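Here is model-v9.pdb, consisting of PDB, C-alpha atoms:
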ATOM      1  CA  MET A1387     145.076  26.558  17.211  1.00  0.00           C
ATOM      2  CA  LEU A1388     143.844  23.228  18.612  1.00  0.00           C
ATOM      3  CA  ALA A1389     144.312  24.464  22.182  1.00  0.00           C
ATOM      4  CA  LEU A1390     142.348  27.636  21.445  1.00  0.00           C
ATOM      5  CA  ILE A1391     139.495  25.699  19.840  1.00  0.00           C
ATOM      6  CA  SER A1392     139.364  23.257  22.756  1.00  0.00           C
ATOM      7  CA  LEU A1393     139.298  26.019  25.363  1.00  0.00           C
ATOM      8  CA  SER A1394     136.623  27.895  23.421  1.00  0.00           C
ATOM      9  CA  ALA A1395     134.453  24.780  23.320  1.00  0.00           C
ATOM     10  CA  LEU A1396     134.813  24.327  27.089  1.00  0.00           C
ATOM     11  CA  ALA A1397     133.865  27.957  27.744  1.00  0.00           C
ATOM     12  CA  TRP A1398     131.089  28.176  25.138  1.00  0.00           C
ATOM     13  CA  HIS A1399     128.117  30.341  26.180  1.00  0.00           C
ATOM     14  CA  GLY A1400     129.369  30.932  29.688  1.00  0.00           C
ATOM     15  CA  HIS A1401     130.185  27.389  30.763  1.00  0.00           C
ATOM     16  CA  VAL A1402     132.792  27.112  33.532  1.00  0.00           C
ATOM     17  CA  THR A1403     134.275  23.695  34.240  1.00  0.00           C
ATOM     18  CA  ALA A1404     135.045  22.466  37.738  1.00  0.00           C
ATOM     19  CA  LEU A1405     138.731  22.377  36.857  1.00  0.00           C
ATOM     20  CA  ASP A1406     138.638  25.992  35.742  1.00  0.00           C
ATOM     21  CA  ARG A1407     136.947  27.071  38.984  1.00  0.00           C
ATOM     22  CA  THR A1408     139.413  25.122  41.112  1.00  0.00           C
ATOM     23  CA  LEU A1409     142.497  26.447  39.337  1.00  0.00           C
ATOM     24  CA  THR A1410     141.189  29.998  39.487  1.00  0.00           C
ATOM     25  CA  ALA A1411     140.423  29.751  43.208  1.00  0.00           C
ATOM     26  CA  GLU A1412     144.009  28.631  43.822  1.00  0.00           C
ATOM     27  CA  VAL A1413     145.480  31.696  42.093  1.00  0.00           C
ATOM     28  CA  VAL A1414     143.171  34.582  42.984  1.00  0.00           C
ATOM     29  CA  GLN A1415     144.393  36.824  45.796  1.00  0.00           C
ATOM     30  CA  GLN A1416     142.604  38.639  48.589  1.00  0.00           C
ATOM     31  CA  PRO A1417     141.853  42.252  47.642  1.00  0.00           C
ATOM     32  CA  ASN A1418     143.081  45.311  49.518  1.00  0.00           C
ATOM     33  CA  THR A1419     146.512  43.866  50.208  1.00  0.00           C
ATOM     34  CA  THR A1420     149.853  45.266  49.094  1.00  0.00           C
ATOM     35  CA  LEU A1421     150.523  42.204  46.941  1.00  0.00           C
ATOM     36  CA  PHE A1422     147.125  42.531  45.283  1.00  0.00           C
ATOM     37  CA  HIS A1423     147.685  46.180  44.390  1.00  0.00           C
ATOM     38  CA  LEU A1424     151.188  45.480  43.052  1.00  0.00           C
ATOM     39  CA  THR A1425     149.856  42.598  40.956  1.00  0.00           C
ATOM     40  CA  ASP A1426     147.018  44.746  39.640  1.00  0.00           C
ATOM     41  CA  ALA A1427     149.444  47.511  38.682  1.00  0.00           C
ATOM     42  CA  PHE A1428     151.708  45.026  36.897  1.00  0.00           C
ATOM     43  CA  SER A1429     148.766  43.512  35.029  1.00  0.00           C
ATOM     44  CA  GLN A1430     148.047  46.896  33.456  1.00  0.00           C
ATOM     45  CA  LEU A1431     151.096  46.379  31.232  1.00  0.00           C
ATOM     46  CA  GLY A1432     148.680  44.281  29.207  1.00  0.00           C
ATOM     47  CA  SER A1433     146.107  47.033  28.757  1.00  0.00           C
ATOM     48  CA  GLY A1434     145.414  48.210  25.223  1.00  0.00           C
ATOM     49  CA  PRO A1435     146.999  51.681  25.491  1.00  0.00           C
ATOM     50  CA  VAL A1436     150.154  50.343  27.147  1.00  0.00           C
ATOM     51  CA  VAL A1437     150.564  47.520  24.626  1.00  0.00           C
ATOM     52  CA  GLY A1438     150.069  50.019  21.814  1.00  0.00           C
ATOM     53  CA  LEU A1439     152.670  52.398  23.230  1.00  0.00           C
ATOM     54  CA  LEU A1440     155.212  49.654  23.924  1.00  0.00           C
ATOM     55  CA  SER A1441     154.696  48.216  20.445  1.00  0.00           C
ATOM     56  CA  PHE A1442     155.333  51.556  18.740  1.00  0.00           C
ATOM     57  CA  VAL A1443     158.365  52.339  20.902  1.00  0.00           C
ATOM     58  CA  THR A1444     159.915  48.902  20.348  1.00  0.00           C
ATOM     59  CA  ALA A1445     159.347  49.072  16.590  1.00  0.00           C
ATOM     60  CA  ALA A1446     160.808  52.588  16.436  1.00  0.00           C
ATOM     61  CA  VAL A1447     163.907  51.549  18.386  1.00  0.00           C
ATOM     62  CA  LEU A1448     164.513  48.583  16.078  1.00  0.00           C
ATOM     63  CA  TRP A1449     164.063  50.780  13.022  1.00  0.00           C
ATOM     64  CA  ARG A1450     166.494  53.449  14.161  1.00  0.00           C
ATOM     65  CA  ARG A1451     168.996  50.983  15.601  1.00  0.00           C
ATOM     66  CA  PHE A1452     169.134  48.509  12.716  1.00  0.00           C
ATOM     67  CA  GLY A1453     167.812  50.507   9.752  1.00  0.00           C
ATOM     68  CA  GLU A1454     164.931  48.104   9.119  1.00  0.00           C
ATOM     69  CA  PHE A1455     161.514  49.751   8.793  1.00  0.00           C
ATOM     70  CA  PHE A1456     159.054  47.112   7.599  1.00  0.00           C
ATOM     71  CA  ARG A1457     159.850  44.085   9.743  1.00  0.00           C
ATOM     72  CA  PRO A1458     159.396  45.899  13.084  1.00  0.00           C
ATOM     73  CA  LEU A1459     155.854  46.585  11.891  1.00  0.00           C
ATOM     74  CA  ILE A1460     155.188  42.949  12.834  1.00  0.00           C
ATOM     75  CA  ILE A1461     155.146  44.057  16.478  1.00  0.00           C
ATOM     76  CA  ILE A1462     152.620  46.838  15.891  1.00  0.00           C
ATOM     77  CA  THR A1463     150.473  44.667  13.646  1.00  0.00           C
ATOM     78  CA  ALA A1464     150.441  41.822  16.156  1.00  0.00           C
ATOM     79  CA  GLY A1465     149.174  44.075  18.937  1.00  0.00           C
ATOM     80  CA  ALA A1466     146.461  45.480  16.690  1.00  0.00           C
ATOM     81  CA  LEU A1467     145.351  42.022  15.581  1.00  0.00           C
ATOM     82  CA  GLY A1468     145.286  40.894  19.197  1.00  0.00           C
ATOM     83  CA  GLY A1469     142.986  43.749  20.151  1.00  0.00           C
ATOM     84  CA  VAL A1470     140.540  42.967  17.358  1.00  0.00           C
ATOM     85  CA  ALA A1471     140.696  39.196  17.837  1.00  0.00           C
ATOM     86  CA  GLU A1472     139.954  39.282  21.549  1.00  0.00           C
ATOM     87  CA  LEU A1473     136.885  41.471  21.017  1.00  0.00           C
ATOM     88  CA  ILE A1474     135.574  39.083  18.378  1.00  0.00           C
ATOM     89  CA  GLY A1475     136.354  36.103  20.579  1.00  0.00           C
ATOM     90  CA  LYS A1476     134.521  37.571  23.550  1.00  0.00           C
ATOM     91  CA  SER A1477     131.397  38.262  21.504  1.00  0.00           C
ATOM     92  CA  ILE A1478     131.407  34.742  20.014  1.00  0.00           C
ATOM     93  CA  VAL A1479     132.083  32.713  23.174  1.00  0.00           C
ATOM     94  CA  GLY A1480     130.042  34.933  25.472  1.00  0.00           C
ATOM     95  CA  ARG A1481     131.444  33.910  28.853  1.00  0.00           C
ATOM     96  CA  LEU A1482     131.225  36.360  31.746  1.00  0.00           C
ATOM     97  CA  ARG A1483     134.089  36.993  34.106  1.00  0.00           C
ATOM     98  CA  PRO A1484     134.230  35.374  37.565  1.00  0.00           C
ATOM     99  CA  PRO A1485     132.414  37.091  40.472  1.00  0.00           C
ATOM    100  CA  THR A1486     135.821  38.293  41.706  1.00  0.00           C
ATOM    101  CA  MET A1487     135.862  40.723  38.782  1.00  0.00           C
ATOM    102  CA  LEU A1488     134.464  43.212  41.300  1.00  0.00           C
ATOM    103  CA  PHE A1489     137.921  43.372  42.883  1.00  0.00           C
ATOM    104  CA  THR A1490     139.207  45.443  39.970  1.00  0.00           C
ATOM    105  CA  GLY A1491     135.961  46.817  38.572  1.00  0.00           C
ATOM    106  CA  ALA A1492     136.265  44.736  35.394  1.00  0.00           C
ATOM    107  CA  SER A1493     133.076  43.995  33.487  1.00  0.00           C
ATOM    108  CA  GLY A1494     131.724  42.331  30.373  1.00  0.00           C
ATOM    109  CA  PHE A1495     132.796  39.102  28.759  1.00  0.00           C
ATOM    110  CA  GLY A1496     136.106  37.619  29.820  1.00  0.00           C
ATOM    111  CA  PHE A1497     136.997  34.879  27.331  1.00  0.00           C
ATOM    112  CA  PRO A1498     139.656  35.348  26.079  1.00  0.00           C
ATOM    113  CA  SER A1499     141.521  37.761  28.335  1.00  0.00           C
ATOM    114  CA  GLY A1500     142.172  40.955  26.388  1.00  0.00           C
ATOM    115  CA  HIS A1501     145.194  41.965  28.459  1.00  0.00           C
ATOM    116  CA  THR A1502     146.753  38.546  27.978  1.00  0.00           C
ATOM    117  CA  THR A1503     145.980  38.378  24.264  1.00  0.00           C
ATOM    118  CA  GLY A1504     147.447  41.772  23.431  1.00  0.00           C
ATOM    119  CA  PHE A1505     150.540  41.390  25.582  1.00  0.00           C
ATOM    120  CA  ALA A1506     151.225  37.841  24.390  1.00  0.00           C
ATOM    121  CA  ALA A1507     150.862  38.970  20.779  1.00  0.00           C
ATOM    122  CA  MET A1508     153.411  41.727  21.367  1.00  0.00           C
ATOM    123  CA  MET A1509     155.873  39.448  23.189  1.00  0.00           C
ATOM    124  CA  VAL A1510     155.722  36.698  20.574  1.00  0.00           C
ATOM    125  CA  ALA A1511     156.065  39.316  17.832  1.00  0.00           C
ATOM    126  CA  ILE A1512     159.173  40.717  19.523  1.00  0.00           C
ATOM    127  CA  ALA A1513     160.651  37.213  19.752  1.00  0.00           C
ATOM    128  CA  ILE A1514     159.911  36.742  16.034  1.00  0.00           C
ATOM    129  CA  THR A1515     161.084  40.153  14.849  1.00  0.00           C
ATOM    130  CA  ILE A1516     164.373  40.703  16.658  1.00  0.00           C
ATOM    131  CA  PRO A1517     166.083  37.659  15.054  1.00  0.00           C
ATOM    132  CA  MET A1518     164.854  38.917  11.670  1.00  0.00           C
ATOM    133  CA  VAL A1519     166.607  42.291  12.021  1.00  0.00           C
ATOM    134  CA  THR A1520     169.646  41.279  14.078  1.00  0.00           C
ATOM    135  CA  ASP A1521     172.197  38.469  14.064  1.00  0.00           C
ATOM    136  CA  LEU A1522     171.588  36.905  17.462  1.00  0.00           C
ATOM    137  CA  ALA A1523     173.654  34.005  18.700  1.00  0.00           C
ATOM    138  CA  ALA A1524     171.683  30.862  19.527  1.00  0.00           C
ATOM    139  CA  THR A1525     172.176  31.385  23.263  1.00  0.00           C
ATOM    140  CA  ASN A1526     170.887  34.944  23.175  1.00  0.00           C
ATOM    141  CA  LEU A1527     167.960  33.896  20.999  1.00  0.00           C
ATOM    142  CA  ASN A1528     166.941  31.272  23.533  1.00  0.00           C
ATOM    143  CA  ARG A1529     167.210  33.859  26.298  1.00  0.00           C
ATOM    144  CA  LEU A1530     165.028  36.263  24.347  1.00  0.00           C
ATOM    145  CA  ARG A1531     162.374  33.620  23.788  1.00  0.00           C
ATOM    146  CA  SER A1532     162.420  32.591  27.436  1.00  0.00           C
ATOM    147  CA  PHE A1533     162.203  36.203  28.617  1.00  0.00           C
ATOM    148  CA  THR A1534     159.270  37.124  26.376  1.00  0.00           C
ATOM    149  CA  ALA A1535     157.441  33.894  27.247  1.00  0.00           C
ATOM    150  CA  LEU A1536     157.946  34.538  30.964  1.00  0.00           C
ATOM    151  CA  LEU A1537     156.598  38.088  30.738  1.00  0.00           C
ATOM    152  CA  ALA A1538     153.522  36.943  28.832  1.00  0.00           C
ATOM    153  CA  LEU A1539     152.904  34.189  31.390  1.00  0.00           C
ATOM    154  CA  MET A1540     153.290  36.656  34.272  1.00  0.00           C
ATOM    155  CA  ILE A1541     150.664  38.958  32.760  1.00  0.00           C
ATOM    156  CA  ALA A1542     148.339  35.976  32.323  1.00  0.00           C
ATOM    157  CA  VAL A1543     148.762  34.875  35.943  1.00  0.00           C
ATOM    158  CA  SER A1544     148.327  38.428  37.207  1.00  0.00           C
ATOM    159  CA  ARG A1545     144.931  38.740  35.495  1.00  0.00           C
ATOM    160  CA  VAL A1546     143.706  35.657  37.333  1.00  0.00           C
ATOM    161  CA  ALA A1547     145.343  36.716  40.592  1.00  0.00           C
ATOM    162  CA  VAL A1548     143.422  40.008  40.690  1.00  0.00           C
ATOM    163  CA  GLY A1549     140.141  38.215  39.988  1.00  0.00           C
ATOM    164  CA  ALA A1550     139.515  39.590  36.507  1.00  0.00           C
ATOM    165  CA  HIS A1551     139.567  36.238  34.702  1.00  0.00           C
ATOM    166  CA  TYR A1552     139.301  32.491  34.955  1.00  0.00           C
ATOM    167  CA  VAL A1553     142.401  30.446  34.177  1.00  0.00           C
ATOM    168  CA  PHE A1554     140.956  29.243  30.864  1.00  0.00           C
ATOM    169  CA  ASP A1555     140.437  32.898  29.841  1.00  0.00           C
ATOM    170  CA  VAL A1556     144.134  33.653  30.058  1.00  0.00           C
ATOM    171  CA  LEU A1557     145.227  30.351  28.533  1.00  0.00           C
ATOM    172  CA  ALA A1558     143.056  31.204  25.538  1.00  0.00           C
ATOM    173  CA  GLY A1559     144.589  34.683  25.519  1.00  0.00           C
ATOM    174  CA  LEU A1560     148.096  33.240  25.354  1.00  0.00           C
ATOM    175  CA  ALA A1561     147.160  30.955  22.472  1.00  0.00           C
ATOM    176  CA  LEU A1562     145.280  33.664  20.583  1.00  0.00           C
ATOM    177  CA  GLY A1563     148.089  36.166  21.092  1.00  0.00           C
ATOM    178  CA  ALA A1564     150.641  33.747  19.663  1.00  0.00           C
ATOM    179  CA  LEU A1565     148.416  33.127  16.623  1.00  0.00           C
ATOM    180  CA  CYS A1566     148.027  36.876  16.082  1.00  0.00           C
ATOM    181  CA  ALA A1567     151.796  37.356  16.175  1.00  0.00           C
ATOM    182  CA  MET A1568     152.344  34.635  13.593  1.00  0.00           C
ATOM    183  CA  ALA A1569     149.600  36.071  11.404  1.00  0.00           C
ATOM    184  CA  ALA A1570     151.224  39.512  11.696  1.00  0.00           C
ATOM    185  CA  ARG A1571     154.545  38.085  10.545  1.00  0.00           C
ATOM    186  CA  TYR A1572     153.042  36.602   7.403  1.00  0.00           C
ATOM    187  CA  MET A1573     151.085  39.778   6.679  1.00  0.00           C
ATOM    188  CA  VAL A1574     154.116  42.057   6.978  1.00  0.00           C
ATOM    189  CA  VAL A1575     156.429  39.724   5.061  1.00  0.00           C
ATOM    190  CA  TRP A1576     153.865  39.520   2.245  1.00  0.00           C
ATOM    191  CA  PHE A1577     153.250  43.280   2.292  1.00  0.00           C
ATOM    192  CA  THR A1578     156.891  44.411   2.409  1.00  0.00           C
ATOM    193  CA  PRO A1579     158.068  43.860  -1.211  1.00  0.00           C
ATOM    194  CA  PRO A1580     155.165  45.655  -2.957  1.00  0.00           C
ATOM    195  CA  ALA A1581     155.081  48.434  -0.360  1.00  0.00           C
ATOM    196  CA  SER A1582     158.833  48.979  -0.569  1.00  0.00           C
ATOM    197  CA  SER A1583     158.666  49.039  -4.359  1.00  0.00           C
ATOM    198  CA  LEU A1584     155.812  51.554  -4.437  1.00  0.00           C
ATOM    199  CA  ILE A1585     157.462  53.858  -1.918  1.00  0.00           C
ATOM    200  CA  GLY A1586     160.776  53.693  -3.743  1.00  0.00           C
ATOM    201  CA  ARG A1587     159.098  54.483  -7.045  1.00  0.00           C
ATOM    202  CA  PHE A1588     156.748  57.282  -6.051  1.00  0.00           C
ATOM    203  CA  LEU A1589     158.259  58.611  -2.820  1.00  0.00           C
ATOM    204  CA  PRO A1590     162.030  58.181  -3.129  1.00  0.00           C
ATOM    205  CA  LYS A1591     162.769  60.743  -0.418  1.00  0.00           C
ATOM    206  CA  LEU A1592     160.548  58.891   2.034  1.00  0.00           C
ATOM    207  CA  SER A1593     162.155  55.627   0.969  1.00  0.00           C
ATOM    208  CA  ARG A1594     165.586  56.959   1.953  1.00  0.00           C
ATOM    209  CA  ARG A1595     164.246  58.117   5.308  1.00  0.00           C
ATOM    210  CA  ILE A1596     162.643  54.821   6.319  1.00  0.00           C
ATOM    211  CA  ALA A1597     165.636  52.811   5.179  1.00  0.00           C
ATOM    212  CA  PRO A1598     168.659  54.861   6.348  1.00  0.00           C
TER     213      PRO A1598
END
Give the structure from this file in structure tokens form.
Amino acid sequence: MLALISLSALAWHGHVTALDRTLTAEVVQQPNTTLFHLTDAFSQLGSGPVVGLLSFVTAAVLWRRFGEFFRPLIIITAGALGGVAELIGKSIVGRLRPPTMLFTGASGFGFPSGHTTGFAAMMVAIAITIPMVTDLAATNLNRLRSFTALLALMIAVSRVAVGAHYVFDVLAGLALGALCAMAARYMVVWFTPPASSLIGRFLPKLSRRIAP
């Protein structure tokens, strides 16, 4: 939370620090190269439709594999919260993207990065949810956390590399995404007992289907 507030203050109303410009210039790639196009394609994993699809598929797999319906909803909820939060954040902070946004045709405000926020929210939610529905050994849990963190970081770097964002945009996206995932966990955990009780009472057939 502190990191997100600090970054927001630095980017307030379009301000770009010298450090942010320097870091961004070091990462951004030249357009119309094979590496650029591959990076751009990879970065689309963080787009809203892809995050939504991956969230639903992951939640469905966990439900069918482990017989747990409500907790996998953390993943879907996190992605949804990330999408809403980044739109609100962009309208509040009001910082435009770097001039290199023309490389990919991106437009509008860029702080925080929407791709990074949504993808990070999904990855953190997956790292939170899987240990809740499975009995992972400590080693495998650490591997899961490292893998999800690495993927989120790669999406963040890719958004800077293709010129769509400043470095501070994606750092804020990572922080905001993590906060959205944690918020989603608390929301679903709070919602599960009353929802399960109501479904079991009024829709017993549905209750048996969602909890095989």
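If you look at atom CA of A:Met1540 and atom CA of A:Arg1407, they are 19.5 Å away from each other.
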Quick check on the file I pasted: which residues fall under the PyMOL selection byres ((chain A and resi 1541) around 8)? Write them as a PyMOL selection string.
chain A and resi 1428-1429+1431-1432+1501-1502+1505+1537-1540+1542-1545
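With all atoms listed in the file as the atoms that count, the residue of A:Ala1397, A:Leu1530, A:Ile1512, A:Leu1439 with the shortest distance to A:Asp1555 is A:Ala1397.
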Contact residues around stretch 1478-1484 of chain A with all atoms listed in the file at 12 Å, ignoring same-chain residues under 2 positions, as number ranges by chain
A: 1390-1403, 1406-1407, 1410-1411, 1414, 1471-1476, 1486-1500, 1545-1556, 1558
Hey, can you pull every residue with an atom no more than 7 Å from (148.3, 39.8, 23.6), using all atoms listed in the file, and send it as a short mmCIF file (atom, residue, chain, number, x, y, z; two decimals) with C-alpha atoms, in the frame of the given file?
data_model
loop_
_atom_site.label_atom_id
_atom_site.label_comp_id
_atom_site.auth_asym_id
_atom_site.auth_seq_id
_atom_site.Cartn_x
_atom_site.Cartn_y
_atom_site.Cartn_z
CA GLY A 1465 149.17 44.08 18.94
CA GLY A 1468 145.29 40.89 19.20
CA GLY A 1500 142.17 40.96 26.39
CA HIS A 1501 145.19 41.96 28.46
CA THR A 1502 146.75 38.55 27.98
CA THR A 1503 145.98 38.38 24.26
CA GLY A 1504 147.45 41.77 23.43
CA PHE A 1505 150.54 41.39 25.58
CA ALA A 1506 151.22 37.84 24.39
CA ALA A 1507 150.86 38.97 20.78
CA MET A 1508 153.41 41.73 21.37
CA GLY A 1559 144.59 34.68 25.52
CA LEU A 1560 148.10 33.24 25.35
CA GLY A 1563 148.09 36.17 21.09
#
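Closest to A:Ala1535 among A:Ile1462, A:Gly1453, A:Thr1515, A:Val1510 is A:Val1510, based on only C-alpha atoms.
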Using only C-alpha atoms, which residue out of A:Leu1440, A:Leu1448, A:Val1519, A:Ala1389 lies closest to A:Leu1565?
A:Ala1389
Go ahead and compute the interatomic distance for atom CA of A:Met1568 and atom CA of A:Phe1452, in Å to one decimal.
21.8 Å
What are the centre and the three edge lengths of an axis-aligned box that wraps all atoms of stretch 1446-1464 of chain A in the file, given that 8 Å is added to every side, written as JSON and rounded to one decimal in Å?
{"center_x": 159.8, "center_y": 47.6, "center_z": 13.0, "size_x": 34.7, "size_y": 27.6, "size_z": 26.8}
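What the PyMOL selection byres ((chain A and resi 1442) around 12) grabs from this file is Pro1435, Val1436, Val1437, Gly1438, Leu1439, Leu1440, Ser1441, Val1443, Thr1444, Ala1445, Ala1446, Val1447, Leu1448, Trp1449, Phe1455, Pro1458, Leu1459, Ile1460, Ile1461, Ile1462, Thr1463, Ala1464, Gly1465, Ala1466, Met1508 and Ile1512 of chain A.
Atom CA of A:Glu1412 is positioned 15.4 Å from atom CA of A:Thr1425.
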Take the structure in the block and write a file for stretch 1455-1472 of chain A, N, CA, C and O atoms, as a PDB file, in the first residue's frame.
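Here's the written file out.pdb:
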ATOM      1  N   PHE A1455     -15.713 -25.080  -4.831  1.00  0.00           N
ATOM      2  CA  PHE A1455     -16.302 -24.090  -5.739  1.00  0.00           C
ATOM      3  C   PHE A1455     -15.988 -22.654  -5.333  1.00  0.00           C
ATOM      4  O   PHE A1455     -15.598 -21.841  -6.174  1.00  0.00           O
ATOM      5  N   PHE A1456     -16.160 -22.311  -4.071  1.00  0.00           N
ATOM      6  CA  PHE A1456     -16.114 -20.907  -3.672  1.00  0.00           C
ATOM      7  C   PHE A1456     -14.708 -20.322  -3.676  1.00  0.00           C
ATOM      8  O   PHE A1456     -14.494 -19.209  -4.170  1.00  0.00           O
ATOM      9  N   ARG A1457     -13.736 -21.029  -3.137  1.00  0.00           N
ATOM     10  CA  ARG A1457     -12.403 -20.450  -3.031  1.00  0.00           C
ATOM     11  C   ARG A1457     -11.764 -20.118  -4.376  1.00  0.00           C
ATOM     12  O   ARG A1457     -11.086 -19.086  -4.489  1.00  0.00           O
ATOM     13  N   PRO A1458     -11.932 -20.932  -5.421  1.00  0.00           N
ATOM     14  CA  PRO A1458     -11.404 -20.516  -6.726  1.00  0.00           C
ATOM     15  C   PRO A1458     -12.007 -19.216  -7.254  1.00  0.00           C
ATOM     16  O   PRO A1458     -11.427 -18.591  -8.156  1.00  0.00           O
ATOM     17  N   LEU A1459     -13.135 -18.803  -6.691  1.00  0.00           N
ATOM     18  CA  LEU A1459     -13.716 -17.523  -7.098  1.00  0.00           C
ATOM     19  C   LEU A1459     -12.802 -16.349  -6.737  1.00  0.00           C
ATOM     20  O   LEU A1459     -12.962 -15.251  -7.265  1.00  0.00           O
ATOM     21  N   ILE A1460     -11.847 -16.589  -5.838  1.00  0.00           N
ATOM     22  CA  ILE A1460     -10.865 -15.545  -5.511  1.00  0.00           C
ATOM     23  C   ILE A1460     -10.149 -15.098  -6.772  1.00  0.00           C
ATOM     24  O   ILE A1460      -9.895 -13.904  -6.971  1.00  0.00           O
ATOM     25  N   ILE A1461      -9.822 -16.044  -7.649  1.00  0.00           N
ATOM     26  CA  ILE A1461      -9.071 -15.726  -8.867  1.00  0.00           C
ATOM     27  C   ILE A1461      -9.901 -14.845  -9.798  1.00  0.00           C
ATOM     28  O   ILE A1461      -9.410 -13.845 -10.338  1.00  0.00           O
ATOM     29  N   ILE A1462     -11.161 -15.195  -9.978  1.00  0.00           N
ATOM     30  CA  ILE A1462     -12.042 -14.404 -10.838  1.00  0.00           C
ATOM     31  C   ILE A1462     -12.287 -13.025 -10.238  1.00  0.00           C
ATOM     32  O   ILE A1462     -12.241 -12.006 -10.939  1.00  0.00           O
ATOM     33  N   THR A1463     -12.533 -13.002  -8.939  1.00  0.00           N
ATOM     34  CA  THR A1463     -12.802 -11.733  -8.261  1.00  0.00           C
ATOM     35  C   THR A1463     -11.600 -10.810  -8.316  1.00  0.00           C
ATOM     36  O   THR A1463     -11.741  -9.594  -8.518  1.00  0.00           O
ATOM     37  N   ALA A1464     -10.417 -11.361  -8.150  1.00  0.00           N
ATOM     38  CA  ALA A1464      -9.198 -10.553  -8.182  1.00  0.00           C
ATOM     39  C   ALA A1464      -9.020  -9.881  -9.528  1.00  0.00           C
ATOM     40  O   ALA A1464      -8.704  -8.684  -9.612  1.00  0.00           O
ATOM     41  N   GLY A1465      -9.236 -10.632 -10.612  1.00  0.00           N
ATOM     42  CA  GLY A1465      -9.112 -10.047 -11.944  1.00  0.00           C
ATOM     43  C   GLY A1465     -10.115  -8.942 -12.170  1.00  0.00           C
ATOM     44  O   GLY A1465      -9.790  -7.899 -12.771  1.00  0.00           O
ATOM     45  N   ALA A1466     -11.351  -9.153 -11.699  1.00  0.00           N
ATOM     46  CA  ALA A1466     -12.388  -8.139 -11.856  1.00  0.00           C
ATOM     47  C   ALA A1466     -12.052  -6.874 -11.060  1.00  0.00           C
ATOM     48  O   ALA A1466     -12.198  -5.748 -11.567  1.00  0.00           O
ATOM     49  N   LEU A1467     -11.601  -7.063  -9.827  1.00  0.00           N
ATOM     50  CA  LEU A1467     -11.211  -5.913  -9.013  1.00  0.00           C
ATOM     51  C   LEU A1467     -10.048  -5.156  -9.649  1.00  0.00           C
ATOM     52  O   LEU A1467     -10.016  -3.916  -9.625  1.00  0.00           O
ATOM     53  N   GLY A1468      -9.107  -5.905 -10.214  1.00  0.00           N
ATOM     54  CA  GLY A1468      -7.974  -5.266 -10.872  1.00  0.00           C
ATOM     55  C   GLY A1468      -8.407  -4.391 -12.027  1.00  0.00           C
ATOM     56  O   GLY A1468      -7.895  -3.280 -12.203  1.00  0.00           O
ATOM     57  N   GLY A1469      -9.367  -4.886 -12.816  1.00  0.00           N
ATOM     58  CA  GLY A1469      -9.856  -4.106 -13.948  1.00  0.00           C
ATOM     59  C   GLY A1469     -10.522  -2.820 -13.517  1.00  0.00           C
ATOM     60  O   GLY A1469     -10.315  -1.757 -14.132  1.00  0.00           O
ATOM     61  N   VAL A1470     -11.317  -2.885 -12.465  1.00  0.00           N
ATOM     62  CA  VAL A1470     -11.997  -1.685 -11.963  1.00  0.00           C
ATOM     63  C   VAL A1470     -10.995  -0.728 -11.317  1.00  0.00           C
ATOM     64  O   VAL A1470     -11.030   0.489 -11.551  1.00  0.00           O
ATOM     65  N   ALA A1471     -10.093  -1.278 -10.513  1.00  0.00           N
ATOM     66  CA  ALA A1471      -9.142  -0.446  -9.775  1.00  0.00           C
ATOM     67  C   ALA A1471      -8.205   0.326 -10.694  1.00  0.00           C
ATOM     68  O   ALA A1471      -7.908   1.501 -10.443  1.00  0.00           O
ATOM     69  N   GLU A1472      -7.760  -0.314 -11.773  1.00  0.00           N
ATOM     70  CA  GLU A1472      -6.833   0.399 -12.654  1.00  0.00           C
ATOM     71  C   GLU A1472      -7.530   1.533 -13.398  1.00  0.00           C
ATOM     72  O   GLU A1472      -6.937   2.584 -13.640  1.00  0.00           O
TER      73      GLU A1472
END
